[in-house]
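Trainee: Contents of work_24.tsv (TSV, N, CA and C atoms and all ligand atoms):
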chain	number	residue	atom	x	y	z
A	260	MET	N	-86.78	-127.85	-114.93
A	260	MET	CA	-85.52	-128.38	-115.48
A	260	MET	C	-84.62	-127.23	-115.89
A	261	ILE	N	-83.37	-127.30	-115.55
A	261	ILE	CA	-82.41	-126.24	-115.87
A	261	ILE	C	-81.83	-126.48	-117.26
A	262	ALA	N	-81.89	-125.44	-118.11
A	262	ALA	CA	-81.25	-125.54	-119.43
A	262	ALA	C	-79.75	-125.38	-119.25
A	263	ARG	N	-78.99	-126.40	-119.63
A	263	ARG	CA	-77.54	-126.36	-119.46
A	263	ARG	C	-76.88	-125.87	-120.74
A	264	PRO	N	-75.90	-124.95	-120.64
A	264	PRO	CA	-75.17	-124.54	-121.83
A	264	PRO	C	-74.34	-125.70	-122.36
A	265	ILE	N	-74.31	-125.83	-123.65
A	265	ILE	CA	-73.53	-126.89	-124.29
A	265	ILE	C	-72.41	-126.22	-125.08
A	266	LEU	N	-71.18	-126.54	-124.74
A	266	LEU	CA	-70.03	-125.98	-125.44
A	266	LEU	C	-69.72	-126.85	-126.66
A	267	MET	N	-69.69	-126.24	-127.84
A	267	MET	CA	-69.43	-127.01	-129.06
A	267	MET	C	-68.26	-126.41	-129.82
A	268	GLN	N	-67.47	-127.28	-130.39
A	268	GLN	CA	-66.38	-126.84	-131.25
A	268	GLN	C	-66.99	-126.57	-132.64
A	269	ASN	N	-66.70	-125.42	-133.23
A	269	ASN	CA	-67.19	-125.24	-134.59
A	269	ASN	C	-66.10	-125.62	-135.60
A	270	GLU	N	-66.36	-125.35	-136.86
A	270	GLU	CA	-65.45	-125.85	-137.91
A	270	GLU	C	-64.08	-125.17	-137.89
A	271	LYS	N	-64.01	-123.99	-137.31
A	271	LYS	CA	-62.72	-123.30	-137.19
A	271	LYS	C	-62.00	-123.76	-135.91
A	272	GLY	N	-60.90	-123.14	-135.60
A	272	GLY	CA	-60.24	-123.40	-134.32
A	272	GLY	C	-59.08	-124.35	-134.45
A	273	GLY	N	-58.59	-124.80	-133.29
A	273	GLY	CA	-57.45	-125.70	-133.28
A	273	GLY	C	-56.13	-124.95	-133.30
A	274	ASP	N	-56.18	-123.63	-133.04
A	274	ASP	CA	-54.93	-122.86	-133.02
A	274	ASP	C	-54.37	-122.76	-131.60
A	275	GLY	N	-55.05	-123.40	-130.64
A	275	GLY	CA	-54.51	-123.47	-129.29
A	275	GLY	C	-54.94	-122.32	-128.39
A	276	ASN	N	-55.59	-121.29	-128.91
A	276	ASN	CA	-56.04	-120.19	-128.07
A	276	ASN	C	-57.35	-120.54	-127.38
A	277	ALA	N	-57.45	-120.15	-126.10
A	277	ALA	CA	-58.61	-120.51	-125.28
A	277	ALA	C	-59.90	-120.00	-125.91
A	278	ASN	N	-60.82	-120.95	-126.20
A	278	ASN	CA	-62.17	-120.65	-126.64
A	278	ASN	C	-62.27	-119.96	-128.01
A	279	ARG	N	-61.19	-119.90	-128.73
A	279	ARG	CA	-61.29	-119.39	-130.11
A	279	ARG	C	-61.81	-120.52	-130.98
A	280	GLY	N	-62.69	-120.16	-131.89
A	280	GLY	CA	-63.28	-121.18	-132.74
A	280	GLY	C	-64.26	-122.07	-132.00
A	281	THR	N	-64.88	-121.54	-130.91
A	281	THR	CA	-65.93	-122.30	-130.21
A	281	THR	C	-67.17	-121.44	-130.14
A	282	SER	N	-68.33	-122.11	-129.98
A	282	SER	CA	-69.57	-121.37	-129.81
A	282	SER	C	-70.39	-122.06	-128.74
A	283	VAL	N	-71.27	-121.33	-128.08
A	283	VAL	CA	-72.12	-121.88	-127.02
A	283	VAL	C	-73.56	-121.85	-127.47
A	284	ILE	N	-74.21	-123.01	-127.40
A	284	ILE	CA	-75.66	-123.03	-127.65
A	284	ILE	C	-76.34	-123.48	-126.37
A	285	THR	N	-77.61	-123.17	-126.23
A	285	THR	CA	-78.36	-123.56	-125.03
A	285	THR	C	-79.47	-124.52	-125.42
A	286	ARG	N	-79.55	-125.61	-124.65
A	286	ARG	CA	-80.62	-126.59	-124.89
A	286	ARG	C	-81.97	-125.92	-124.62
A	287	THR	N	-82.92	-126.06	-125.52
A	287	THR	CA	-84.24	-125.47	-125.30
A	287	THR	C	-85.22	-126.53	-124.78
A	288	LYS	N	-85.17	-127.73	-125.34
A	288	LYS	CA	-86.07	-128.80	-124.87
A	288	LYS	C	-85.52	-129.36	-123.55
A	289	PRO	N	-86.33	-129.33	-122.47
A	289	PRO	CA	-85.83	-129.90	-121.20
A	289	PRO	C	-85.56	-131.39	-121.35
A	290	LYS	N	-84.38	-131.79	-120.91
A	290	LYS	CA	-84.00	-133.21	-121.01
A	290	LYS	C	-84.22	-133.85	-119.64
A	291	THR	N	-85.30	-134.62	-119.48
A	291	THR	CA	-85.56	-135.29	-118.21
A	291	THR	C	-85.35	-136.77	-118.40
A	292	LYS	N	-84.38	-137.30	-117.62
A	292	LYS	CA	-84.10	-138.73	-117.70
A	292	LYS	C	-84.57	-139.39	-116.41
A	293	LYS	N	-85.50	-140.31	-116.53
A	293	LYS	CA	-85.98	-141.04	-115.34
A	293	LYS	C	-84.91	-142.05	-114.92
A	294	PRO	N	-84.62	-142.13	-113.62
A	294	PRO	CA	-83.65	-143.14	-113.18
A	294	PRO	C	-84.29	-144.53	-113.22
A	295	ASN	N	-83.47	-145.55	-113.47
A	295	ASN	CA	-83.96	-146.92	-113.31
A	295	ASN	C	-84.24	-147.16	-111.83
A	296	LEU	N	-85.37	-147.78	-111.54
A	296	LEU	CA	-85.75	-148.02	-110.14
A	296	LEU	C	-85.78	-149.52	-109.85
A	297	TYR	N	-85.51	-149.84	-108.59
A	297	TYR	CA	-85.41	-151.24	-108.16
A	297	TYR	C	-86.23	-151.45	-106.89
A	298	ARG	N	-87.01	-152.53	-106.89
A	298	ARG	CA	-87.74	-152.95	-105.69
A	298	ARG	C	-86.79	-153.72	-104.79
A	299	VAL	N	-86.82	-153.43	-103.50
A	299	VAL	CA	-86.11	-154.26	-102.53
A	299	VAL	C	-87.15	-155.15	-101.85
A	300	LEU	N	-86.90	-156.45	-101.90
A	300	LEU	CA	-87.87	-157.45	-101.43
A	300	LEU	C	-87.29	-158.26	-100.28
A	301	LEU	N	-88.15	-158.61	-99.34
A	301	LEU	CA	-87.80	-159.58	-98.29
A	301	LEU	C	-88.46	-160.90	-98.64
A	302	LEU	N	-87.75	-161.99	-98.38
A	302	LEU	CA	-88.28	-163.33	-98.63
A	302	LEU	C	-88.60	-164.01	-97.31
A	303	ASN	N	-89.65	-164.78	-97.30
A	303	ASN	CA	-90.03	-165.50	-96.09
A	303	ASN	C	-89.10	-166.70	-95.84
A	304	ASP	N	-88.96	-167.08	-94.59
A	304	ASP	CA	-88.34	-168.34	-94.21
A	304	ASP	C	-89.00	-168.79	-92.91
A	305	ASP	N	-88.66	-170.00	-92.47
A	305	ASP	CA	-89.35	-170.56	-91.30
A	305	ASP	C	-88.68	-170.22	-89.98
A	306	TYR	N	-87.52	-169.56	-90.01
A	306	TYR	CA	-86.70	-169.44	-88.79
A	306	TYR	C	-86.50	-168.03	-88.27
A	307	THR	N	-86.41	-167.04	-89.17
A	307	THR	CA	-86.16	-165.66	-88.71
A	307	THR	C	-87.33	-165.19	-87.85
A	308	PRO	N	-87.06	-164.71	-86.64
A	308	PRO	CA	-88.16	-164.25	-85.77
A	308	PRO	C	-88.90	-163.06	-86.37
A	309	MET	N	-90.20	-163.04	-86.20
A	309	MET	CA	-91.02	-161.92	-86.70
A	309	MET	C	-90.51	-160.58	-86.17
A	310	GLU	N	-90.14	-160.56	-84.90
A	310	GLU	CA	-89.69	-159.30	-84.28
A	310	GLU	C	-88.40	-158.79	-84.95
A	311	PHE	N	-87.55	-159.70	-85.38
A	311	PHE	CA	-86.31	-159.33	-86.05
A	311	PHE	C	-86.62	-158.67	-87.40
A	312	VAL	N	-87.57	-159.22	-88.12
A	312	VAL	CA	-87.95	-158.66	-89.43
A	312	VAL	C	-88.57	-157.27	-89.25
A	313	ILE	N	-89.39	-157.11	-88.24
A	313	ILE	CA	-89.97	-155.79	-87.95
A	313	ILE	C	-88.85	-154.79	-87.65
A	314	HIS	N	-87.87	-155.22	-86.89
A	314	HIS	CA	-86.74	-154.35	-86.56
A	314	HIS	C	-85.97	-153.92	-87.82
A	315	ILE	N	-85.75	-154.87	-88.72
A	315	ILE	CA	-85.08	-154.58	-90.00
A	315	ILE	C	-85.83	-153.50	-90.78
A	316	LEU	N	-87.14	-153.65	-90.83
A	316	LEU	CA	-87.95	-152.70	-91.61
A	316	LEU	C	-87.94	-151.31	-90.97
A	317	GLU	N	-87.89	-151.25	-89.67
A	317	GLU	CA	-87.80	-149.95	-88.98
A	317	GLU	C	-86.41	-149.33	-89.17
A	318	ARG	N	-85.40	-150.14	-89.01
A	318	ARG	CA	-84.02	-149.64	-89.00
A	318	ARG	C	-83.49	-149.26	-90.37
A	319	PHE	N	-83.76	-150.08	-91.38
A	319	PHE	CA	-83.15	-149.85	-92.70
A	319	PHE	C	-84.13	-149.27	-93.73
A	320	PHE	N	-85.43	-149.35	-93.44
A	320	PHE	CA	-86.41	-148.88	-94.43
A	320	PHE	C	-87.32	-147.78	-93.88
A	321	GLN	N	-86.97	-147.25	-92.71
A	321	GLN	CA	-87.67	-146.10	-92.11
A	321	GLN	C	-89.19	-146.32	-92.00
A	322	LYS	N	-89.60	-147.55	-91.72
A	322	LYS	CA	-91.02	-147.83	-91.52
A	322	LYS	C	-91.37	-147.61	-90.05
A	323	ASP	N	-92.59	-147.11	-89.79
A	323	ASP	CA	-93.04	-147.09	-88.39
A	323	ASP	C	-93.48	-148.50	-88.01
A	324	ARG	N	-93.76	-148.70	-86.74
A	324	ARG	CA	-94.04	-150.05	-86.23
A	324	ARG	C	-95.23	-150.69	-86.96
A	325	GLU	N	-96.24	-149.89	-87.23
A	325	GLU	CA	-97.45	-150.40	-87.90
A	325	GLU	C	-97.16	-150.85	-89.33
A	326	ALA	N	-96.46	-150.02	-90.08
A	326	ALA	CA	-96.12	-150.37	-91.47
A	326	ALA	C	-95.18	-151.57	-91.50
A	327	ALA	N	-94.21	-151.59	-90.58
A	327	ALA	CA	-93.24	-152.69	-90.52
A	327	ALA	C	-93.95	-154.01	-90.22
A	328	THR	N	-94.90	-153.97	-89.30
A	328	THR	CA	-95.65	-155.19	-88.93
A	328	THR	C	-96.49	-155.68	-90.12
A	329	ARG	N	-97.11	-154.74	-90.82
A	329	ARG	CA	-97.94	-155.09	-91.99
A	329	ARG	C	-97.09	-155.75	-93.07
A	330	ILE	N	-95.92	-155.18	-93.37
A	330	ILE	CA	-95.04	-155.73	-94.41
A	330	ILE	C	-94.52	-157.11	-93.98
A	331	MET	N	-94.09	-157.23	-92.72
A	331	MET	CA	-93.58	-158.51	-92.21
A	331	MET	C	-94.67	-159.59	-92.36
A	332	LEU	N	-95.91	-159.27	-91.96
A	332	LEU	CA	-96.99	-160.27	-92.05
A	332	LEU	C	-97.33	-160.61	-93.50
A	333	HIS	N	-97.20	-159.62	-94.38
A	333	HIS	CA	-97.42	-159.88	-95.81
A	333	HIS	C	-96.39	-160.89	-96.32
A	334	VAL	N	-95.12	-160.67	-95.95
A	334	VAL	CA	-94.06	-161.61	-96.38
A	334	VAL	C	-94.32	-162.99	-95.76
A	335	HIS	N	-94.66	-163.01	-94.48
A	335	HIS	CA	-94.93	-164.27	-93.78
A	335	HIS	C	-96.06	-165.05	-94.47
A	336	ASN	N	-97.08	-164.34	-94.92
A	336	ASN	CA	-98.27	-165.00	-95.50
A	336	ASN	C	-98.16	-165.28	-96.99
A	337	HIS	N	-97.37	-164.46	-97.72
A	337	HIS	CA	-97.34	-164.57	-99.19
A	337	HIS	C	-95.98	-165.02	-99.73
A	338	GLY	N	-94.97	-165.07	-98.85
A	338	GLY	CA	-93.65	-165.57	-99.29
A	338	GLY	C	-92.67	-164.49	-99.69
A	339	VAL	N	-93.17	-163.33	-100.12
A	339	VAL	CA	-92.31	-162.24	-100.57
A	339	VAL	C	-93.08	-160.92	-100.39
A	340	GLY	N	-92.32	-159.84	-100.15
A	340	GLY	CA	-92.97	-158.54	-100.00
A	340	GLY	C	-92.00	-157.40	-100.20
A	341	GLU	N	-92.55	-156.24	-100.56
A	341	GLU	CA	-91.75	-155.07	-100.92
A	341	GLU	C	-91.45	-154.20	-99.70
A	342	CYS	N	-90.16	-153.87	-99.54
A	342	CYS	CA	-89.72	-152.97	-98.46
A	342	CYS	C	-89.64	-151.53	-98.94
A	343	GLY	N	-89.37	-151.34	-100.23
A	343	GLY	CA	-89.22	-149.99	-100.76
A	343	GLY	C	-88.72	-150.03	-102.19
A	344	ILE	N	-88.71	-148.87	-102.84
A	344	ILE	CA	-88.27	-148.73	-104.23
A	344	ILE	C	-87.20	-147.64	-104.27
A	345	TYR	N	-86.05	-147.97	-104.86
A	345	TYR	CA	-84.89	-147.08	-104.79
A	345	TYR	C	-84.10	-147.11	-106.11
A	346	THR	N	-83.22	-146.14	-106.26
A	346	THR	CA	-82.27	-146.19	-107.37
A	346	THR	C	-81.28	-147.35	-107.11
A	347	TYR	N	-80.53	-147.73	-108.13
A	347	TYR	CA	-79.70	-148.93	-108.07
A	347	TYR	C	-78.76	-148.95	-106.85
A	348	GLU	N	-78.01	-147.88	-106.68
A	348	GLU	CA	-76.99	-147.90	-105.61
A	348	GLU	C	-77.60	-147.92	-104.22
A	349	VAL	N	-78.72	-147.21	-104.05
A	349	VAL	CA	-79.39	-147.22	-102.75
A	349	VAL	C	-79.97	-148.61	-102.47
A	350	ALA	N	-80.61	-149.20	-103.47
A	350	ALA	CA	-81.19	-150.54	-103.32
A	350	ALA	C	-80.11	-151.56	-102.96
A	351	GLU	N	-78.98	-151.48	-103.67
A	351	GLU	CA	-77.85	-152.38	-103.43
A	351	GLU	C	-77.36	-152.24	-101.98
A	352	THR	N	-77.27	-151.01	-101.51
A	352	THR	CA	-76.82	-150.76	-100.13
A	352	THR	C	-77.80	-151.35	-99.12
A	353	LYS	N	-79.10	-151.17	-99.35
A	353	LYS	CA	-80.12	-151.72	-98.42
A	353	LYS	C	-80.00	-153.24	-98.35
A	354	VAL	N	-79.86	-153.88	-99.52
A	354	VAL	CA	-79.77	-155.35	-99.56
A	354	VAL	C	-78.55	-155.81	-98.75
A	355	SER	N	-77.41	-155.14	-98.95
A	355	SER	CA	-76.19	-155.50	-98.20
A	355	SER	C	-76.37	-155.30	-96.71
A	356	GLN	N	-76.96	-154.18	-96.32
A	356	GLN	CA	-77.17	-153.90	-94.89
A	356	GLN	C	-78.04	-154.98	-94.24
A	357	VAL	N	-79.13	-155.36	-94.93
A	357	VAL	CA	-80.03	-156.38	-94.37
A	357	VAL	C	-79.32	-157.73	-94.29
A	358	MET	N	-78.64	-158.12	-95.38
A	358	MET	CA	-77.97	-159.43	-95.40
A	358	MET	C	-76.87	-159.51	-94.35
A	359	ASP	N	-76.09	-158.43	-94.20
A	359	ASP	CA	-75.02	-158.40	-93.20
A	359	ASP	C	-75.60	-158.51	-91.78
A	360	PHE	N	-76.66	-157.72	-91.53
A	360	PHE	CA	-77.27	-157.70	-90.19
A	360	PHE	C	-77.88	-159.06	-89.85
A	361	ALA	N	-78.55	-159.69	-90.84
A	361	ALA	CA	-79.15	-161.01	-90.61
A	361	ALA	C	-78.05	-162.04	-90.32
A	362	ARG	N	-76.95	-161.98	-91.09
A	362	ARG	CA	-75.86	-162.95	-90.89
A	362	ARG	C	-75.23	-162.76	-89.51
A	363	GLN	N	-75.03	-161.51	-89.13
A	363	GLN	CA	-74.46	-161.23	-87.79
A	363	GLN	C	-75.29	-161.86	-86.68
A	364	HIS	N	-76.62	-161.92	-86.90
A	364	HIS	CA	-77.51	-162.48	-85.88
A	364	HIS	C	-77.87	-163.93	-86.18
A	365	GLN	N	-77.19	-164.51	-87.17
A	365	GLN	CA	-77.35	-165.93	-87.53
A	365	GLN	C	-78.79	-166.28	-87.89
A	366	HIS	N	-79.44	-165.36	-88.61
A	366	HIS	CA	-80.77	-165.64	-89.16
A	366	HIS	C	-80.66	-165.83	-90.67
A	367	PRO	N	-81.48	-166.73	-91.23
A	367	PRO	CA	-81.37	-167.04	-92.67
A	367	PRO	C	-82.13	-166.07	-93.58
A	368	LEU	N	-82.58	-164.95	-93.03
A	368	LEU	CA	-83.36	-163.97	-93.79
A	368	LEU	C	-82.68	-163.60	-95.11
A	369	GLN	N	-83.46	-163.58	-96.18
A	369	GLN	CA	-82.95	-163.21	-97.51
A	369	GLN	C	-83.61	-161.92	-97.99
A	370	CYS	N	-82.79	-161.06	-98.57
A	370	CYS	CA	-83.25	-159.78	-99.12
A	370	CYS	C	-82.68	-159.65	-100.52
A	371	VAL	N	-83.53	-159.30	-101.48
A	371	VAL	CA	-83.09	-159.21	-102.89
A	371	VAL	C	-83.63	-157.93	-103.52
A	372	MET	N	-83.05	-157.57	-104.68
A	372	MET	CA	-83.59	-156.44	-105.44
A	372	MET	C	-83.98	-156.91	-106.83
A	373	GLU	N	-84.99	-156.25	-107.41
A	373	GLU	CA	-85.38	-156.57	-108.79
A	373	GLU	C	-85.73	-155.28	-109.50
A	374	LYS	N	-85.39	-155.22	-110.79
A	374	LYS	CA	-85.68	-154.03	-111.57
A	374	LYS	C	-87.19	-153.87	-111.70
A	375	LYS	N	-87.64	-152.61	-111.54
A	375	LYS	CA	-89.09	-152.33	-111.62
A	375	LYS	C	-89.58	-152.41	-113.06
B	401	LIG	N1	-91.95	-166.84	-91.20
B	401	LIG	C1	-91.21	-166.28	-90.07
B	401	LIG	C2	-91.72	-166.88	-88.78
B	401	LIG	O1	-92.79	-167.47	-88.75
B	401	LIG	C3	-91.34	-164.76	-90.02
B	401	LIG	C4	-90.72	-164.09	-91.20
B	401	LIG	C5	-91.38	-163.02	-91.80
B	401	LIG	C6	-89.48	-164.46	-91.70
B	401	LIG	C7	-90.83	-162.35	-92.88
B	401	LIG	C8	-88.92	-163.81	-92.77
B	401	LIG	O2	-89.03	-162.08	-94.40
B	401	LIG	C9	-89.58	-162.75	-93.36
B	401	LIG	N2	-90.98	-166.70	-87.69
Take the structure in the file and write it out as structure tokens.
Ligand code: TYC
Mentor:
Amino acid sequence: MIARPILMQNEKGGDGNANRGTSVITRTKPKTKKPNLYRVLLLNDDYTPMEFVIHILERFFQKDREAATRIMLHVHNHGVGECGIYTYEVAETKVSQVMDFARQHQHPLQCVMEKK
């Protein structure tokens, strides 16, 4: 973790001159903030072709054919399954890409995200 300099105004200053009445301290304790993570899930339905779901997993979730087939069959058998875990904006983008692609091909496939 990189210690970032923190610029602080001290009790003096306010005379308008650059950096007069200021002091710089350096953070010593590393500040590590974990990002909120979101699961992207596929939901089962009776109409979307298995091959289409496998294609989605390869195209948008970088799965190889074997992993994509395993996830698709899990969703088919259990009703829901995880495609991946991402930060909020990435997860949101994946959900939109899947929903748009499914709609374009007139399949009822549903994709959702949930906070981990
Ligand atoms: N149940 C679908 C079928 O039998 C296949 C399917 C799998 C659909 C996963 C959606 O998310 C899904 N054709």
Trainee: For the atom pair atom C2 of ligand LIG 401 (chain B) and atom CA of Leu332 of chain A, what is the interatomic distance in Å to one decimal place?
Mentor: 9.1 Å
Trainee: Show me which residues line ligand LIG 401 (chain B), defined as having an atom within 9 Å of a ligand atom where only C-alpha atoms and all ligand atoms count, and present them as a ChimeraX atom specification.
Mentor: /A:300-313,330-336,338-340,367-370
Trainee: Using the chain letters and numbers from this document, which residues of chain A does DSSP assign to helix (DSSP H, G or I), as JSON, numbers by chain?
Mentor: {"A": [309, 310, 311, 312, 313, 314, 315, 316, 317, 318, 319, 320, 324, 325, 326, 327, 328, 329, 330, 331, 332, 333, 334, 335, 336, 337, 347, 348, 349, 350, 351, 352, 353, 354, 355, 356, 357, 358, 359, 360, 361, 362, 363]}
Trainee: Please, which residues in segment 295-325 of chain A fall within 6.5 Å of segment 347-360 of chain A when counting only N, CA and C atoms, and what is the closest atom pair and distance in Å to one decimal for each, ordered by chain then residue number, as JSON lines?
Mentor:
{"residue": "A:Asn295", "atom": "C", "partner": "A:Tyr347", "partner_atom": "N", "distance": 5.3}
{"residue": "A:Leu296", "atom": "CA", "partner": "A:Tyr347", "partner_atom": "N", "distance": 5.6}
{"residue": "A:Tyr297", "atom": "N", "partner": "A:Tyr347", "partner_atom": "N", "distance": 5.4}
{"residue": "A:Val299", "atom": "CA", "partner": "A:Ala350", "partner_atom": "CA", "distance": 6.2}
Trainee: Take the residues just selected and output them with N, CA and C atoms as a PDB file, in the coordinates of the input.
Mentor:
ATOM      1  N   ASN A 295     -83.470-145.550-113.470  1.00  0.00           N
ATOM      2  CA  ASN A 295     -83.960-146.920-113.310  1.00  0.00           C
ATOM      3  C   ASN A 295     -84.240-147.160-111.830  1.00  0.00           C
ATOM      4  N   LEU A 296     -85.370-147.780-111.540  1.00  0.00           N
ATOM      5  CA  LEU A 296     -85.750-148.020-110.140  1.00  0.00           C
ATOM      6  C   LEU A 296     -85.780-149.520-109.850  1.00  0.00           C
ATOM      7  N   TYR A 297     -85.510-149.840-108.590  1.00  0.00           N
ATOM      8  CA  TYR A 297     -85.410-151.240-108.160  1.00  0.00           C
ATOM      9  C   TYR A 297     -86.230-151.450-106.890  1.00  0.00           C
ATOM     10  N   VAL A 299     -86.820-153.430-103.500  1.00  0.00           N
ATOM     11  CA  VAL A 299     -86.110-154.260-102.530  1.00  0.00           C
ATOM     12  C   VAL A 299     -87.150-155.150-101.850  1.00  0.00           C
TER      13      VAL A 299
END
Trainee: Once DSSP has gone over the backbone, tell me which residues of segment 265-367 of chain A are in strand (DSSP E or B), as an MDAnalysis selection string.
Mentor: chainID A and resid 265:268 281:285 296:302 339:346
Trainee: Report, in Å to a single decimal, how far apart atom CA of Lys293 of chain A and atom CA of Lys374 of chain A are.
Mentor: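 These atoms are spaced 13.5 Å apart.
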Trainee: Quick one: distance from atom CA of Gln363 of chain A to atom CA of Lys375 of chain A in Å, one decimal?
Mentor: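 Result for atom CA of Gln363 of chain A versus atom CA of Lys375 of chain A: 29.3 Å, one decimal.
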Trainee: Considering all atoms listed in the file, state which residue in the set A:Arg298, A:Glu317, A:Val371, A:Thr328 is at the smallest distance from Thr346 of chain A.
Mentor: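 Answer, going by the shortest atom-to-atom distance: A:Arg298.
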Trainee: List as a PyMOL selection string: which residues have an atom within 5 Å of (-87.6, -152.0, -96.7), counting only N, CA and C atoms?
Mentor: chain A and resi 320+342-343
Trainee: Which of these residues is nearest to Ile344 of chain A, using only C-alpha atoms: A:Glu373, A:Lys292, A:Ser282, A:His314?
Mentor: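 Looking only at the distances to Ile344 of chain A, the closest residue turns out to be A:Glu373.
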